[in-house]
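Have a look at the structure below, then the notes.
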Amino acid sequence: MNLYFPQAGHHRCCHYSPIHFMQRLGFLLSFLVLTVSCSRDRANVSGRQPVIPVLAASVVSKTVPVEITAIGNVEAYSTVSVRALVGGELTQVHFKEGQDVRQKDPLFTIDPRPFEAVLKQVEANLAKDTALLRQYEANLARDQAQSKNAEVQAHRYADLYAEGVVARELSDQFHTSADALEATLRADRAAIDNANAAIQADKAARENAALQLAYCSINSPMDGRTGNLIVHQGNVVKANDLALVTINQVQPIYVTFTVPEQSLPEIKRAMAVRTLEVRVVVPKDEEVPERGRLTFVDNTVDTATGTIRLKGTFDNEHKRLWPGQFVNVVLILSTRPNALVVPSRAIQTGQSGQYVFVIKPDSTVEIRPVGIGSTVQGEIIIERGLNPGEVVVTDGQLRLVQGARVTVKKGLEVSGASGT
């Protein structure tokens with residue numbers, strides 16, 4: 001075998017012996033065998049199935065509530081705009097803005113002096129008319145006595161005239177006197193009636209004056225919380241003018257919400273059996289939900305939205321609910337025993353519908369189509385496709401395929417769905 005190696009400026013012919021050639025060939029074959037072996041090892045390593053860490057939860061059977069969720073708005077149980085019923089200077093304010101008040105607690109005082117003067121004048125008129133009545137009654141008593149005597153005299157002189165003892169003129173004189181006293185009695189009775197009417201008018205005026213005076217002291221009509229103070233001390237207020245302050249009753253309190261009209265038949269059936277429970281949660285509030293009861297279903301469906309308005313009443317013992325606040329509402333219709341539930345994050349959606357990854361005993365996963373029901377507090381009811389005790393993946397599904405090998409992350413072992 002002849003090998004030629006070109007050199008600068010000339011060519012040189014090299015001659016190798018057969019032994020030298022065989023050595024070179026053996027070295028080349030050894031290198032090829034080693035390369036193939038390494039390639040096979042790398043192929044084996046790359047073909048080995050990786051183990052994917054995941055989070056998982058067990059399928060559990062338990063009693064879950066059947067409920068409707070909605071967004072609600074908190075409303076005051078009762079709202080009163082406090083106004084003055086008489087005009088005058090506002091001399092005192094007995095509370096601070098935003099203060100809780102009880103029924104009949106003093107709120108405002110209007111200058112009472114003009115109304116006290118009117119009341120005194122009316123009482124004086126009543127006393128005067130009462131005295132006149134007494135005088136008229138005395139006059140009546142006197143005139144009744146005189147009239148009785150005059151009547152007796154008239155009869156006596158009439159008899160004497162009939163016997164011819166006295167002249168006719170004398171008899172007529174006594175008869176005229178009796179008639180005059182009878183007219184006086186009628187006048188006395190009319191004066192008494194007029195005095196009684198005046199007294200009744202005075203009493204009515206006194207009651208009105210006393211009522212006007214009482215209106216100078218404005219008290220709280222109910223238990224509640226005061227709002228912004230509109231008119232301050234020293235201002236002159238008019239009767240039935242601006243609201244001085246608004247009071248909202250917050251214990252108890254309403255939560256108003258709407259549900260689709262399709263839910264109305266189910267709600268009515270449940271209401272026929274028992275009082276329905278309503279739970280509300282204030283967004284970003286980690287405390288337990290407030291519990292109330294459904295107390296109102298509107299008498300018409302809103303045709304524009306296809307919803308119906310409902311109200312729940314809450315004791316609001318800790319005043320966590322506030323008028324105007326938006327809350328998450330859950331209306332509990334009934335309970336469903338022995339329902340299969342999994343965490344909602346275990347459910348995946350594909351072209352064929354919902355499915356989950358089920359972890360088999362050999363630590364591989366199986367894609368399992370499922371039928372789902374309603375969602376209850378972060379859990380989904382499984383209608384079909386799973387059995388109690390099976391384990392489903394709740395996190396890490398993006399890396400999984402049918403038959404993939406998994407391991408539950410350390411410290412996050414398999415657990416059941418959270419209880420209610």
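Going through the structure tokens in order, the chains are called A, B, and so on, while each chain numbers its residues from 1 and the ligands are numbered from 1 in the order shown.
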
Fewer than 6 positions away in the same chain doesn't count, so skip those; otherwise give me all residues within 12 Å of A:Ala270, counting only C-alpha atoms, as a PyMOL selection string.
chain A and resi 66-67+263-264+276-277+294+331-335

Based on the backbone DSSP call, show me all residues of stretch 313-392 of chain A assigned strand (DSSP E), as a PyMOL selection string.
chain A and resi 313-314+326-343+348-350+353-359+365-369+371-376+379-384+391-392

Deliver the residues from the most recent selection as a file, using C-alpha atoms, as a PDB file, in the first residue's frame.
ATOM      1  CA  THR A 313     -81.890  38.057  57.164  1.00  0.00           C
ATOM      2  CA  PHE A 314     -78.813  37.912  59.409  1.00  0.00           C
ATOM      3  CA  PHE A 326     -70.817  43.253  48.354  1.00  0.00           C
ATOM      4  CA  VAL A 327     -70.615  39.663  49.594  1.00  0.00           C
ATOM      5  CA  ASN A 328     -70.476  36.118  48.242  1.00  0.00           C
ATOM      6  CA  VAL A 329     -73.787  34.367  48.932  1.00  0.00           C
ATOM      7  CA  VAL A 330     -74.495  30.642  49.207  1.00  0.00           C
ATOM      8  CA  LEU A 331     -78.135  29.509  49.386  1.00  0.00           C
ATOM      9  CA  ILE A 332     -78.298  25.958  50.745  1.00  0.00           C
ATOM     10  CA  LEU A 333     -81.261  24.038  49.341  1.00  0.00           C
ATOM     11  CA  SER A 334     -80.627  20.537  50.738  1.00  0.00           C
ATOM     12  CA  THR A 335     -77.893  17.992  51.423  1.00  0.00           C
ATOM     13  CA  ARG A 336     -76.699  15.077  49.288  1.00  0.00           C
ATOM     14  CA  PRO A 337     -75.425  12.039  51.214  1.00  0.00           C
ATOM     15  CA  ASN A 338     -72.668   9.692  49.959  1.00  0.00           C
ATOM     16  CA  ALA A 339     -71.518  12.010  47.183  1.00  0.00           C
ATOM     17  CA  LEU A 340     -68.075  11.394  45.628  1.00  0.00           C
ATOM     18  CA  VAL A 341     -65.951  14.554  45.679  1.00  0.00           C
ATOM     19  CA  VAL A 342     -62.468  15.572  44.569  1.00  0.00           C
ATOM     20  CA  PRO A 343     -60.694  18.923  44.703  1.00  0.00           C
ATOM     21  CA  GLN A 348     -58.991  18.811  33.437  1.00  0.00           C
ATOM     22  CA  THR A 349     -60.855  19.718  30.247  1.00  0.00           C
ATOM     23  CA  GLY A 350     -60.079  18.218  26.846  1.00  0.00           C
ATOM     24  CA  GLY A 353     -64.890  16.709  27.965  1.00  0.00           C
ATOM     25  CA  GLN A 354     -63.662  16.550  31.559  1.00  0.00           C
ATOM     26  CA  TYR A 355     -61.122  14.012  32.759  1.00  0.00           C
ATOM     27  CA  VAL A 356     -58.707  13.334  35.609  1.00  0.00           C
ATOM     28  CA  PHE A 357     -55.361  11.582  35.994  1.00  0.00           C
ATOM     29  CA  VAL A 358     -55.818   8.544  38.253  1.00  0.00           C
ATOM     30  CA  ILE A 359     -52.701   7.206  40.001  1.00  0.00           C
ATOM     31  CA  VAL A 365     -51.282   7.438  35.702  1.00  0.00           C
ATOM     32  CA  GLU A 366     -54.390   6.689  33.713  1.00  0.00           C
ATOM     33  CA  ILE A 367     -56.511   9.257  31.903  1.00  0.00           C
ATOM     34  CA  ARG A 368     -60.079   8.770  33.151  1.00  0.00           C
ATOM     35  CA  PRO A 369     -63.109  10.609  31.678  1.00  0.00           C
ATOM     36  CA  GLY A 371     -68.960  13.313  34.708  1.00  0.00           C
ATOM     37  CA  ILE A 372     -69.057  16.220  37.122  1.00  0.00           C
ATOM     38  CA  GLY A 373     -71.794  17.913  39.135  1.00  0.00           C
ATOM     39  CA  SER A 374     -71.882  21.105  41.145  1.00  0.00           C
ATOM     40  CA  THR A 375     -68.940  22.748  42.890  1.00  0.00           C
ATOM     41  CA  VAL A 376     -69.090  22.993  46.685  1.00  0.00           C
ATOM     42  CA  GLU A 379     -64.676  20.542  45.635  1.00  0.00           C
ATOM     43  CA  ILE A 380     -66.506  19.027  42.673  1.00  0.00           C
ATOM     44  CA  ILE A 381     -69.101  16.280  42.899  1.00  0.00           C
ATOM     45  CA  ILE A 382     -68.219  13.340  40.626  1.00  0.00           C
ATOM     46  CA  GLU A 383     -71.299  11.843  38.991  1.00  0.00           C
ATOM     47  CA  ARG A 384     -69.472   9.009  37.195  1.00  0.00           C
ATOM     48  CA  VAL A 391     -56.188   8.741  43.986  1.00  0.00           C
ATOM     49  CA  VAL A 392     -56.213  11.602  41.489  1.00  0.00           C
TER      50      VAL A 392
END

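Counting only C-alpha atoms, A:Val122 has the following residues at most 12 Å away, ignoring those fewer than 4 positions along the same chain: Phe115, Glu116, Ala117, Val118, Leu126, Ala127, Lys128, Asp129, Ala198, Ile199, Gln200, Ala201, Asp202, Lys203, Ala204, Ala205, Arg206, Glu207, Asn208, Ala209 and Ala210 of chain A.
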
Find the residues around stretch 162-178 of chain A up to 8 Å (only C-alpha atoms counted), leave out those fewer than 4 positions away in its own chain, and share them as a PyMOL selection string.
chain A and resi 147-148+150-151+153-155+157-158+182

In Å to one decimal, how far is atom CA of A:Val408 from atom CA of A:Gly385?
22.2 Å

Within 12 Å of A:Val281, counting only C-alpha atoms, which residues show up once you throw out same-chain ones fewer than 5 positions away? Write them as a list in words, please.
Thr69, Ala70, Ile71, Gly72, Asn73, Val74, Val255, Glu286, Glu287, Val288, Pro289, Glu290, Arg291, Gly292, Arg320, Leu321, Gln325, Phe326, Val327, Asn328, Val329, Val330, Leu331 and Gln377 of chain A

Can you tell me, as a ChimeraX atom specification, what residues are no more than 9 Å from stretch 84-98 of chain A when counting only C-alpha atoms, ignoring any on the same chain fewer than 2 positions away?
/A:82,100-101,105-112,114,212-213,215-216,218,225-229,231-245

Write out, as a PDB file, in the first residue's frame, the residues just selected, with C-alpha atoms.
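Final output, result-v5.pdb:
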ATOM      1  CA  VAL A  82     -84.381  62.143  61.056  1.00  0.00           C
ATOM      2  CA  ASP A 100     -74.474  53.544  67.870  1.00  0.00           C
ATOM      3  CA  VAL A 101     -77.698  54.742  69.463  1.00  0.00           C
ATOM      4  CA  ASP A 105     -81.816  58.117  73.045  1.00  0.00           C
ATOM      5  CA  PRO A 106     -81.682  61.952  72.696  1.00  0.00           C
ATOM      6  CA  LEU A 107     -80.279  63.163  69.374  1.00  0.00           C
ATOM      7  CA  PHE A 108     -81.037  66.905  69.028  1.00  0.00           C
ATOM      8  CA  THR A 109     -82.549  69.755  71.023  1.00  0.00           C
ATOM      9  CA  ILE A 110     -84.239  72.739  69.345  1.00  0.00           C
ATOM     10  CA  ASP A 111     -84.628  75.975  71.340  1.00  0.00           C
ATOM     11  CA  PRO A 112     -87.844  75.293  73.324  1.00  0.00           C
ATOM     12  CA  PRO A 114     -90.888  80.055  72.015  1.00  0.00           C
ATOM     13  CA  GLN A 212     -94.814  71.280  69.518  1.00  0.00           C
ATOM     14  CA  LEU A 213     -92.728  71.714  72.655  1.00  0.00           C
ATOM     15  CA  TYR A 215     -90.856  68.115  69.141  1.00  0.00           C
ATOM     16  CA  CYS A 216     -88.019  70.340  70.341  1.00  0.00           C
ATOM     17  CA  ILE A 218     -85.613  64.761  68.940  1.00  0.00           C
ATOM     18  CA  ARG A 225     -75.973  53.529  63.829  1.00  0.00           C
ATOM     19  CA  THR A 226     -75.874  57.200  62.971  1.00  0.00           C
ATOM     20  CA  GLY A 227     -74.381  58.471  59.737  1.00  0.00           C
ATOM     21  CA  ASN A 228     -73.025  61.804  58.613  1.00  0.00           C
ATOM     22  CA  LEU A 229     -74.316  64.828  60.551  1.00  0.00           C
ATOM     23  CA  VAL A 231     -76.819  70.155  60.332  1.00  0.00           C
ATOM     24  CA  HIS A 232     -74.639  71.193  63.259  1.00  0.00           C
ATOM     25  CA  GLN A 233     -75.311  72.952  66.535  1.00  0.00           C
ATOM     26  CA  GLY A 234     -76.182  76.630  66.206  1.00  0.00           C
ATOM     27  CA  ASN A 235     -77.931  76.345  62.852  1.00  0.00           C
ATOM     28  CA  VAL A 236     -81.572  77.289  62.402  1.00  0.00           C
ATOM     29  CA  VAL A 237     -83.641  74.415  61.077  1.00  0.00           C
ATOM     30  CA  LYS A 238     -87.034  74.402  59.398  1.00  0.00           C
ATOM     31  CA  ALA A 239     -89.871  71.999  59.952  1.00  0.00           C
ATOM     32  CA  ASN A 240     -89.792  68.993  57.579  1.00  0.00           C
ATOM     33  CA  ASP A 241     -86.785  70.364  55.727  1.00  0.00           C
ATOM     34  CA  LEU A 242     -83.413  68.627  55.306  1.00  0.00           C
ATOM     35  CA  ALA A 243     -82.648  65.366  57.119  1.00  0.00           C
ATOM     36  CA  LEU A 244     -80.516  66.118  60.157  1.00  0.00           C
ATOM     37  CA  VAL A 245     -79.000  62.617  60.199  1.00  0.00           C
TER      38      VAL A 245
END
